[in-house]
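Peer 1: Please find query_4.txt (compact mmCIF, C-alpha atoms) on the next line:
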# COMPACT_ATOMS: atom_id res chain seq x y z
CA MET A 12 0.00 0.00 0.00
CA GLY A 13 1.96 3.04 1.22
CA ALA A 14 3.00 4.65 -2.06
CA ASP A 15 -0.26 3.66 -3.78
CA PHE A 16 -2.58 5.30 -1.23
CA ASP A 17 -3.34 8.81 -2.50
CA GLY A 18 -5.58 9.76 0.44
CA THR A 19 -8.82 9.46 -1.54
CA LEU A 20 -11.32 7.49 0.53
CA PRO A 21 -13.35 4.88 -1.34
CA TYR A 22 -16.62 5.84 0.41
CA PRO A 23 -18.73 9.00 0.65
CA VAL A 24 -17.86 11.45 3.43
CA SER A 25 -20.12 14.35 4.40
CA SER A 26 -19.62 17.17 6.89
CA MET A 27 -21.88 18.13 9.81
CA ARG A 28 -22.09 20.58 12.70
CA ILE A 29 -23.04 19.20 16.09
CA LYS A 30 -24.40 21.30 18.97
CA ARG A 31 -23.03 21.02 22.49
CA GLY A 32 -25.18 18.55 24.44
CA GLN A 33 -26.49 16.80 21.32
CA VAL A 34 -26.91 13.04 21.73
CA LEU A 35 -25.39 11.45 18.62
CA THR A 36 -26.30 7.90 19.64
CA ASP A 37 -28.45 6.91 22.61
CA PHE A 38 -28.66 3.69 24.62
CA GLY A 39 -30.48 1.04 22.57
CA GLN A 40 -29.91 2.63 19.16
CA VAL A 41 -27.96 0.83 16.47
CA GLU A 42 -24.96 2.93 15.41
CA SER A 43 -25.13 3.79 11.70
CA THR A 44 -22.50 6.51 11.59
CA ALA A 45 -18.84 7.10 12.40
CA TYR A 46 -17.67 10.67 13.07
CA PHE A 47 -14.22 12.08 12.44
CA LEU A 48 -13.87 15.14 14.68
CA ASN A 49 -12.56 18.23 12.88
CA SER A 50 -13.13 20.09 16.15
CA GLY A 51 -14.78 19.54 19.52
CA VAL A 52 -15.05 16.92 22.25
CA VAL A 53 -17.38 13.91 22.44
CA GLU A 54 -18.10 11.73 25.48
CA ILE A 55 -18.95 8.03 25.51
CA GLY A 56 -20.96 7.06 28.58
CA ILE A 57 -22.22 3.76 29.95
CA LEU A 58 -24.66 2.86 32.73
CA SER A 59 -22.97 1.01 35.58
CA TYR A 60 -25.52 0.02 38.26
CA GLN A 61 -27.80 2.97 37.39
CA THR A 62 -24.86 5.39 37.46
CA LEU A 63 -23.55 7.04 34.29
CA LYS A 64 -19.83 6.35 33.90
CA THR A 65 -17.56 7.87 31.29
CA LEU A 66 -15.83 5.30 29.13
CA ASP A 67 -13.85 7.90 27.20
CA PHE A 68 -13.53 11.38 25.72
CA PHE A 69 -12.72 11.85 22.03
CA PHE A 70 -11.00 15.00 20.76
CA THR A 71 -10.23 16.80 17.49
CA GLY A 72 -8.52 14.51 14.99
CA GLU A 73 -10.10 11.32 16.34
CA PHE A 74 -12.83 8.97 15.13
CA VAL A 75 -15.75 8.45 17.47
CA CYS A 76 -19.02 6.49 17.50
CA ALA A 77 -20.70 3.72 19.47
CA TYR A 78 -18.10 1.50 17.90
CA THR A 79 -19.18 -1.89 19.26
CA SER A 80 -22.69 -1.23 17.97
CA PHE A 81 -21.25 0.06 14.69
CA LEU A 82 -19.24 -3.15 14.21
CA THR A 83 -21.91 -5.60 15.37
CA GLN A 84 -25.03 -3.63 14.30
CA GLN A 85 -26.58 -4.54 17.67
CA PRO A 86 -28.27 -1.97 19.98
CA SER A 87 -25.75 0.25 21.72
CA ASP A 88 -25.07 -0.03 25.45
CA VAL A 89 -23.28 3.31 25.39
CA ARG A 90 -24.38 6.89 24.77
CA VAL A 91 -22.45 9.27 22.51
CA VAL A 92 -22.82 12.96 23.47
CA ALA A 93 -21.14 16.16 22.23
CA LEU A 94 -19.50 17.93 25.18
CA THR A 95 -18.78 21.02 23.07
CA ASP A 96 -19.93 22.29 19.68
CA CYS A 97 -18.27 20.04 17.11
CA VAL A 98 -17.59 19.88 13.39
CA ALA A 99 -17.30 16.33 12.07
CA GLU A 100 -16.85 14.38 8.87
CA VAL A 101 -19.35 11.57 8.70
CA VAL A 102 -19.12 8.04 7.28
CA ARG A 103 -22.15 5.75 7.06
CA TYR A 104 -21.97 2.08 8.03
CA HIS A 105 -23.72 0.99 4.85
CA ASP A 106 -21.32 2.92 2.59
CA LEU A 107 -18.35 1.48 4.46
CA GLN A 108 -19.53 -2.13 3.99
CA ILE A 109 -19.84 -1.62 0.25
CA ALA A 110 -16.33 -0.18 0.14
CA TYR A 111 -14.94 -3.05 2.25
CA SER A 112 -16.36 -5.55 -0.24
CA GLN A 113 -14.50 -4.09 -3.21
CA SER A 114 -11.60 -1.86 -2.20
CA LEU A 115 -8.11 -2.62 -0.98
CA THR A 116 -7.82 0.98 0.22
CA ALA A 117 -10.98 0.66 2.30
CA ASN A 118 -9.68 -2.47 4.02
CA TYR A 119 -6.28 -0.88 4.49
CA VAL A 120 -7.77 2.25 6.07
CA GLY A 121 -10.22 0.14 8.08
CA ARG A 122 -7.42 -2.02 9.42
CA ILE A 123 -5.32 0.99 10.47
CA MET A 124 -8.33 2.69 12.09
CA ASN A 125 -9.10 -0.44 14.05
CA GLU A 126 -5.51 -0.73 15.18
CA GLN A 127 -5.67 2.87 16.42
CA ALA A 128 -8.98 2.26 18.19
CA TYR A 129 -7.48 -0.78 19.88
CA LEU A 130 -4.28 1.00 20.95
CA ARG A 131 -6.30 3.89 22.34
CA LYS A 132 -8.56 1.59 24.33
CA VAL A 133 -5.63 -0.36 25.78
CA ARG A 134 -3.74 2.83 26.66
CA ARG A 135 -6.68 4.08 28.70
CA GLU A 136 -7.02 0.71 30.46
CA LYS A 137 -3.31 0.68 31.31
CA ASP A 138 -3.40 4.31 32.46
CA PHE A 139 -6.05 3.36 35.01
CA LEU A 140 -3.86 0.53 36.28
CA THR A 141 -0.53 2.34 36.35
CA LYS A 142 -1.22 6.06 36.92
CA THR A 143 -2.85 8.05 39.70
CA ALA A 144 -5.83 10.32 38.98
CA GLU A 145 -3.48 13.29 39.36
CA GLU A 146 -1.11 11.90 36.74
CA ARG A 147 -4.01 11.22 34.37
CA TYR A 148 -5.37 14.73 34.91
CA ASN A 149 -1.92 16.15 34.12
CA ASP A 150 -1.82 14.10 30.90
CA LEU A 151 -5.20 15.53 29.93
CA LEU A 152 -4.03 19.08 30.67
CA LYS A 153 -0.93 18.58 28.56
CA THR A 154 -2.64 17.00 25.56
CA HIS A 155 -5.87 19.06 25.50
CA PRO A 156 -5.43 22.30 27.49
CA ASP A 157 -7.77 24.18 25.15
CA TYR A 158 -10.74 21.88 25.75
CA ILE A 159 -10.34 21.19 29.46
CA ILE A 160 -11.58 24.67 30.34
CA GLN A 161 -14.74 24.10 28.27
CA ILE A 162 -15.74 20.84 29.95
CA PRO A 163 -17.65 20.93 33.28
CA VAL A 164 -15.63 19.75 36.28
CA ASN A 165 -18.05 16.93 37.11
CA LYS A 166 -17.60 15.45 33.63
CA ILE A 167 -13.81 15.60 33.86
CA ALA A 168 -14.01 13.93 37.28
CA ARG A 169 -16.19 11.20 35.75
CA TYR A 170 -13.62 10.73 32.97
CA LEU A 171 -10.91 10.34 35.62
CA GLY A 172 -13.10 7.98 37.66
CA ILE A 173 -12.95 10.17 40.79
CA HIS A 174 -15.29 12.42 42.81
CA PRO A 175 -15.52 16.08 41.76
CA GLU A 176 -14.18 17.01 45.24
CA SER A 177 -11.04 14.94 44.60
CA LEU A 178 -10.53 16.74 41.30
CA SER A 179 -10.90 20.11 43.05
CA ARG A 180 -8.16 19.07 45.50
CA ILE A 181 -5.90 18.02 42.61
CA ARG A 182 -6.51 21.34 40.84
CA LYS A 183 -5.81 23.37 43.99
CA LYS A 184 -2.57 21.47 44.52
CA LEU A 185 -1.47 22.12 40.94
CA ASN A 186 -2.31 25.82 41.18
CA SER A 187 -0.52 26.36 44.51
CA MET B 11 -14.75 -9.83 -0.16
CA GLY B 12 -16.92 -12.68 1.21
CA ALA B 13 -17.27 -15.00 -1.76
CA ASP B 14 -13.73 -14.28 -2.98
CA PHE B 15 -11.98 -15.24 0.27
CA ASP B 16 -11.04 -18.92 0.03
CA GLY B 17 -9.42 -19.12 3.48
CA THR B 18 -5.86 -19.20 2.19
CA LEU B 19 -3.79 -16.74 4.22
CA PRO B 20 -1.34 -14.59 2.25
CA TYR B 21 1.47 -15.00 4.82
CA PRO B 22 3.42 -17.98 6.22
CA VAL B 23 1.93 -19.73 9.25
CA SER B 24 3.89 -22.27 11.31
CA SER B 25 2.81 -24.45 14.23
CA MET B 26 4.39 -24.63 17.70
CA ARG B 27 3.96 -26.34 21.05
CA ILE B 28 4.19 -24.18 24.15
CA LYS B 29 4.88 -25.51 27.66
CA ARG B 30 2.81 -24.44 30.65
CA GLY B 31 4.58 -21.55 32.38
CA GLN B 32 6.55 -20.55 29.28
CA VAL B 33 6.96 -16.79 28.88
CA LEU B 34 6.16 -16.00 25.26
CA THR B 35 6.93 -12.28 25.59
CA ASP B 36 8.43 -10.58 28.63
CA PHE B 37 8.30 -6.97 29.82
CA GLY B 38 10.57 -4.83 27.65
CA GLN B 39 10.67 -7.18 24.67
CA VAL B 40 9.38 -6.11 21.28
CA GLU B 41 6.61 -8.47 20.12
CA SER B 42 7.53 -10.16 16.84
CA THR B 43 4.90 -12.91 16.82
CA ALA B 44 1.14 -13.38 16.97
CA TYR B 45 -0.23 -16.73 18.20
CA PHE B 46 -3.51 -18.34 17.21
CA LEU B 47 -4.38 -20.80 19.97
CA ASN B 48 -5.37 -24.26 18.71
CA SER B 49 -5.54 -25.29 22.37
CA GLY B 50 -4.61 -23.93 25.77
CA VAL B 51 -4.85 -20.74 27.83
CA VAL B 52 -2.53 -17.72 27.80
CA GLU B 53 -2.40 -14.87 30.34
CA ILE B 54 -1.50 -11.24 29.67
CA GLY B 55 -0.12 -9.54 32.80
CA ILE B 56 0.91 -5.97 33.57
CA LEU B 57 2.73 -4.38 36.52
CA SER B 58 0.52 -1.97 38.44
CA TYR B 59 2.47 -0.31 41.26
CA GLN B 60 4.83 -3.31 41.60
CA THR B 61 1.88 -5.73 41.63
CA LEU B 62 1.23 -8.10 38.75
CA LYS B 63 -2.32 -7.65 37.44
CA THR B 64 -4.04 -9.78 34.84
CA LEU B 65 -5.22 -7.82 31.83
CA ASP B 66 -6.82 -10.84 30.19
CA PHE B 67 -6.91 -14.58 29.54
CA PHE B 68 -6.96 -15.93 25.99
CA PHE B 69 -8.44 -19.32 25.13
CA THR B 70 -8.58 -21.86 22.29
CA GLY B 71 -9.67 -20.23 19.02
CA GLU B 72 -8.32 -16.79 19.90
CA PHE B 73 -5.35 -14.71 18.77
CA VAL B 74 -2.96 -13.60 21.47
CA CYS B 75 0.28 -11.61 21.72
CA ALA B 76 1.57 -8.41 23.31
CA TYR B 77 -0.58 -6.68 20.75
CA THR B 78 0.27 -3.05 21.48
CA SER B 79 3.96 -3.89 21.13
CA PHE B 80 3.19 -5.94 18.02
CA LEU B 81 1.41 -2.99 16.40
CA THR B 82 3.84 -0.27 17.49
CA GLN B 83 7.07 -2.35 17.58
CA GLN B 84 7.90 -0.65 20.88
CA PRO B 85 9.03 -2.57 24.03
CA SER B 86 6.14 -4.38 25.68
CA ASP B 87 4.70 -3.26 29.02
CA VAL B 88 2.88 -6.58 29.36
CA ARG B 89 4.01 -10.16 29.84
CA VAL B 90 2.53 -13.05 27.84
CA VAL B 91 2.61 -16.42 29.68
CA ALA B 92 1.15 -19.85 28.90
CA LEU B 93 -1.12 -20.93 31.78
CA THR B 94 -1.46 -24.45 30.33
CA ASP B 95 0.34 -26.44 27.65
CA CYS B 96 -0.70 -24.88 24.33
CA VAL B 97 -0.60 -25.60 20.63
CA ALA B 98 -0.51 -22.47 18.48
CA GLU B 99 -0.25 -21.33 14.90
CA VAL B 100 2.29 -18.59 14.60
CA VAL B 101 2.45 -15.49 12.37
CA ARG B 102 5.52 -13.25 12.28
CA TYR B 103 5.23 -9.45 12.30
CA HIS B 104 7.62 -9.08 9.39
CA ASP B 105 5.69 -11.55 7.19
CA LEU B 106 2.43 -9.78 8.02
CA GLN B 107 3.77 -6.37 6.98
CA ILE B 108 4.84 -7.73 3.61
CA ALA B 109 1.38 -9.23 3.11
CA TYR B 110 -0.34 -5.99 4.17
CA SER B 111 1.62 -4.10 1.52
CA GLN B 112 0.41 -6.25 -1.36
CA SER B 113 -2.71 -8.27 -0.49
CA LEU B 114 -6.37 -7.34 -0.23
CA THR B 115 -6.98 -10.57 1.69
CA ALA B 116 -4.31 -9.68 4.26
CA ASN B 117 -5.86 -6.27 4.88
CA TYR B 118 -9.32 -7.80 5.01
CA VAL B 119 -8.28 -10.44 7.54
CA GLY B 120 -6.25 -7.86 9.47
CA ARG B 121 -9.22 -5.51 9.66
CA ILE B 122 -11.54 -8.26 10.93
CA MET B 123 -8.97 -9.45 13.47
CA ASN B 124 -8.54 -5.92 14.76
CA GLU B 125 -12.29 -5.48 15.04
CA GLN B 126 -12.48 -8.68 17.08
CA ALA B 127 -9.58 -7.59 19.31
CA TYR B 128 -11.33 -4.28 19.89
CA LEU B 129 -14.72 -5.85 20.65
CA ARG B 130 -13.11 -8.28 23.09
CA LYS B 131 -11.26 -5.53 24.91
CA VAL B 132 -14.38 -3.37 25.21
CA ARG B 133 -16.49 -6.30 26.41
CA ARG B 134 -14.07 -6.96 29.25
CA GLU B 135 -14.01 -3.27 30.19
CA LYS B 136 -17.82 -3.14 30.22
CA ASP B 137 -18.06 -6.39 32.18
CA PHE B 138 -15.97 -4.80 34.94
CA LEU B 139 -18.32 -1.80 35.01
CA THR B 140 -21.61 -3.63 34.83
CA LYS B 141 -21.16 -7.09 36.38
CA THR B 142 -20.17 -8.34 39.82
CA ALA B 143 -17.16 -10.63 40.28
CA GLU B 144 -19.62 -13.51 40.85
CA GLU B 145 -21.37 -12.83 37.54
CA ARG B 146 -18.03 -12.64 35.73
CA TYR B 147 -16.90 -15.90 37.35
CA ASN B 148 -20.13 -17.54 36.22
CA ASP B 149 -19.52 -16.32 32.67
CA LEU B 150 -16.04 -17.85 32.78
CA LEU B 151 -17.43 -21.16 34.08
CA LYS B 152 -20.01 -21.25 31.30
CA THR B 153 -17.68 -20.37 28.43
CA HIS B 154 -14.56 -22.28 29.52
CA PRO B 155 -15.47 -24.98 32.08
CA ASP B 156 -12.74 -27.30 30.79
CA TYR B 157 -9.90 -24.86 31.42
CA ILE B 158 -11.05 -23.34 34.71
CA ILE B 159 -10.11 -26.49 36.62
CA GLN B 160 -6.58 -26.33 35.17
CA ILE B 161 -5.87 -22.73 36.23
CA PRO B 162 -4.69 -22.00 39.79
CA VAL B 163 -7.25 -20.21 41.96
CA ASN B 164 -5.00 -17.21 42.59
CA LYS B 165 -4.68 -16.59 38.84
CA ILE B 166 -8.44 -16.78 38.31
CA ALA B 167 -8.89 -14.35 41.21
CA ARG B 168 -6.38 -12.01 39.56
CA TYR B 169 -8.32 -12.26 36.29
CA LEU B 170 -11.51 -11.33 38.15
CA GLY B 171 -9.73 -8.51 39.99
CA ILE B 172 -10.59 -9.91 43.45
CA HIS B 173 -8.76 -11.55 46.37
CA PRO B 174 -8.43 -15.35 46.28
CA GLU B 175 -10.46 -15.48 49.53
CA SER B 176 -13.36 -13.70 47.80
CA LEU B 177 -13.22 -16.22 44.97
CA SER B 178 -13.31 -19.09 47.50
CA ARG B 179 -16.46 -17.58 49.02
CA ILE B 180 -18.06 -17.29 45.55
CA ARG B 181 -17.16 -20.91 44.77
CA LYS B 182 -18.55 -22.16 48.09
CA LYS B 183 -21.78 -20.27 47.50
CA LEU B 184 -22.15 -21.77 44.01
CA ASN B 185 -21.48 -25.30 45.27
CA SER B 186 -23.92 -25.08 48.19
Turn this file's structure into structure tokens for me.

Peer 2:
Amino acid sequence: MGADFDGTLPYPVSSMRIKRGQVLTDFGQVESTAYFLNSGVVEIGILSYQTLKTLDFFFTGEFVCAYTSFLTQQPSDVRVVALTDCVAEVVRYHDLQIAYSQSLTANYVGRIMNEQAYLRKVRREKDFLTKTAEERYNDLLKTHPDYIIQIPVNKIARYLGIHPESLSRIRKKLNS
Amino acid sequence: MGADFDGTLPYPVSSMRIKRGQVLTDFGQVESTAYFLNSGVVEIGILSYQTLKTLDFFFTGEFVCAYTSFLTQQPSDVRVVALTDCVAEVVRYHDLQIAYSQSLTANYVGRIMNEQAYLRKVRREKDFLTKTAEERYNDLLKTHPDYIIQIPVNKIARYLGIHPESLSRIRKKLNS
């Protein structure tokens, strides 16, 4: 591949604007769309014993959707919500399947995207096992300082898996 | 793809026997090999604050390796160990890259494998958020009853993320 891949995608891509707070995919819906974020932040949430937990945040330059539902075409057990206004490029499941059936480029891009999705997922799992909440908050500050100020504290705390009060303590410590 | 894929893989595959306890990939090594398990169980472990934690078990019919290291060719932060004697089919990183550069089938198979790896990883993450240790132990008993009796209790407890004493209580409750 490499030299032969000219960057033209073998499936239709459209652009859309998403409003802050908009639910892109709700619990129980089958995911039909993958979003590539040109700007903005999207949260993936899951219900854990009646409590909403944050599985992940997705930022500018990343693909996001209810990916398990997208791959399996089964109802989603996660909710996809825009945390800020977003601009996204949009790919439809149906268009992607057609491309996969006939295009080397589609399968090449699909493979790489899946590898990235996997690496991302594993990195977050390992971060939880090997870093403190403070270290993970520092990582977030370093990689996405522009967005952190736009996201409510309680949502950042949920992303870190800690209480908002603990996050306040971490912030105070960093500012002192 | 579908009808055109005759099951012939476009890269060399060899077979190997692995002894119980054998370390396939250690911390710090770069993963050069992916294993498809014809039989046996393999554990992926990670160090979390000096303590060995179990990221996952892999069973007959599944691919296993230090996959992040395999994809990135960076030193592994996980250890891959055979929990039982295993028979595996083996694919080398280098052979796979050659195939990816020239074969639609390779990219197709690679994409599907990555999707499966992703789905598996997410399922385990969600299980931790939405199921009790007892429910997860029951799942393990249902899906892999043959292997559970071969794996030491402390390793199963580590897989479930609980103390061995808690697992003993769960087992007693199930047997009573």

Peer 1: What are the closest atom pairs, with distances in Å to one decimal, for each residue of chain B lying within 7 Å of chain A, using all atoms listed in the file, rows by chain and rising residue number, as a tab-separated table?

Peer 2:
residue	atom	partner	partner_atom	distance
B:Met11	CA	A:Ser112	CA	4.6
B:Ser58	CA	A:Thr141	CA	4.9
B:Tyr59	CA	A:Thr141	CA	6.3
B:Thr78	CA	A:Leu130	CA	6.1
B:Ser111	CA	A:Met12	CA	4.7
B:Gln112	CA	A:Met12	CA	6.4
B:Leu114	CA	A:Leu115	CA	5.1
B:Asn117	CA	A:Tyr119	CA	5.4
B:Tyr118	CA	A:Asn118	CA	5.4
B:Gly120	CA	A:Arg122	CA	6.0
B:Arg121	CA	A:Arg122	CA	3.9
B:Asn124	CA	A:Asn125	CA	5.6
B:Glu125	CA	A:Asn125	CA	6.0
B:Tyr128	CA	A:Tyr129	CA	5.2
B:Leu129	CA	A:Thr79	CA	6.1
B:Leu139	CA	A:Ser59	CA	5.5
B:Thr140	CA	A:Ser59	CA	4.9

Peer 1: Give me the residues within 12 Å of A:Asp157 as a ChimeraX atom specification, counting all atoms listed in the file and dropping any in the same chain fewer than 6 places off.

Peer 2: /A:50-52,70-71,95,151

Peer 1: Keeping only C-alpha atoms, write those residues as an mmCIF file, in the coordinates of the input.

Peer 2:
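out.cif written:
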data_model
loop_
_atom_site.group_PDB
_atom_site.id
_atom_site.type_symbol
_atom_site.label_atom_id
_atom_site.label_comp_id
_atom_site.auth_asym_id
_atom_site.auth_seq_id
_atom_site.Cartn_x
_atom_site.Cartn_y
_atom_site.Cartn_z
ATOM 1 C CA SER A 50 -13.130 20.090 16.150
ATOM 2 C CA GLY A 51 -14.780 19.540 19.520
ATOM 3 C CA VAL A 52 -15.050 16.920 22.250
ATOM 4 C CA PHE A 70 -11.000 15.000 20.760
ATOM 5 C CA THR A 71 -10.230 16.800 17.490
ATOM 6 C CA THR A 95 -18.780 21.020 23.070
ATOM 7 C CA LEU A 151 -5.200 15.530 29.930
#

Peer 1: Find the residues near B:Leu170: any atom within 12 Å, counting only C-alpha atoms, skip ones fewer than 6 places away on the same chain, and give them as a PDB file with C-alpha atoms, in the frame of the given file.

Peer 2:
ATOM      1  CA  LYS B  63      -2.320  -7.650  37.440  1.00  0.00           C
ATOM      2  CA  THR B  64      -4.040  -9.780  34.840  1.00  0.00           C
ATOM      3  CA  LEU B  65      -5.220  -7.820  31.830  1.00  0.00           C
ATOM      4  CA  ASP B  66      -6.820 -10.840  30.190  1.00  0.00           C
ATOM      5  CA  PHE B  67      -6.910 -14.580  29.540  1.00  0.00           C
ATOM      6  CA  ARG B 134     -14.070  -6.960  29.250  1.00  0.00           C
ATOM      7  CA  GLU B 135     -14.010  -3.270  30.190  1.00  0.00           C
ATOM      8  CA  ASP B 137     -18.060  -6.390  32.180  1.00  0.00           C
ATOM      9  CA  PHE B 138     -15.970  -4.800  34.940  1.00  0.00           C
ATOM     10  CA  LYS B 141     -21.160  -7.090  36.380  1.00  0.00           C
ATOM     11  CA  THR B 142     -20.170  -8.340  39.820  1.00  0.00           C
ATOM     12  CA  ALA B 143     -17.160 -10.630  40.280  1.00  0.00           C
ATOM     13  CA  GLU B 144     -19.620 -13.510  40.850  1.00  0.00           C
ATOM     14  CA  GLU B 145     -21.370 -12.830  37.540  1.00  0.00           C
ATOM     15  CA  ARG B 146     -18.030 -12.640  35.730  1.00  0.00           C
ATOM     16  CA  TYR B 147     -16.900 -15.900  37.350  1.00  0.00           C
ATOM     17  CA  ASN B 148     -20.130 -17.540  36.220  1.00  0.00           C
ATOM     18  CA  ASP B 149     -19.520 -16.320  32.670  1.00  0.00           C
ATOM     19  CA  LEU B 150     -16.040 -17.850  32.780  1.00  0.00           C
ATOM     20  CA  VAL B 163      -7.250 -20.210  41.960  1.00  0.00           C
ATOM     21  CA  ASN B 164      -5.000 -17.210  42.590  1.00  0.00           C
ATOM     22  CA  SER B 176     -13.360 -13.700  47.800  1.00  0.00           C
ATOM     23  CA  LEU B 177     -13.220 -16.220  44.970  1.00  0.00           C
ATOM     24  CA  ILE B 180     -18.060 -17.290  45.550  1.00  0.00           C
TER      25      ILE B 180
END

Peer 1: To one decimal place in Å, what is the distance between atom CA of A:Gly72 and atom CA of A:Asn49?

Peer 2: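 One can read the atom CA of A:Gly72 to atom CA of A:Asn49 distance as 5.9 Å.
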
Peer 1: State, in Å with one decimal place, the distance from atom CA of B:Val97 to atom CA of B:Glu72.

Peer 2: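 About the pair atom CA of B:Val97 and atom CA of B:Glu72: they are 11.7 Å apart.
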
Peer 1: If I take atom CA of B:Ser86 and atom CA of B:Ile161, how far is one from the other in Å, to one decimal?

Peer 2: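 The value is 24.3 Å.
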
Peer 1: Of the candidates A:Leu152, A:Leu20, A:Val53, A:Ile159, which one gets nearest to A:Val34 if we count all atoms listed in the file?

Peer 2: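 The answer is A:Val53, which sits nearest to A:Val34.
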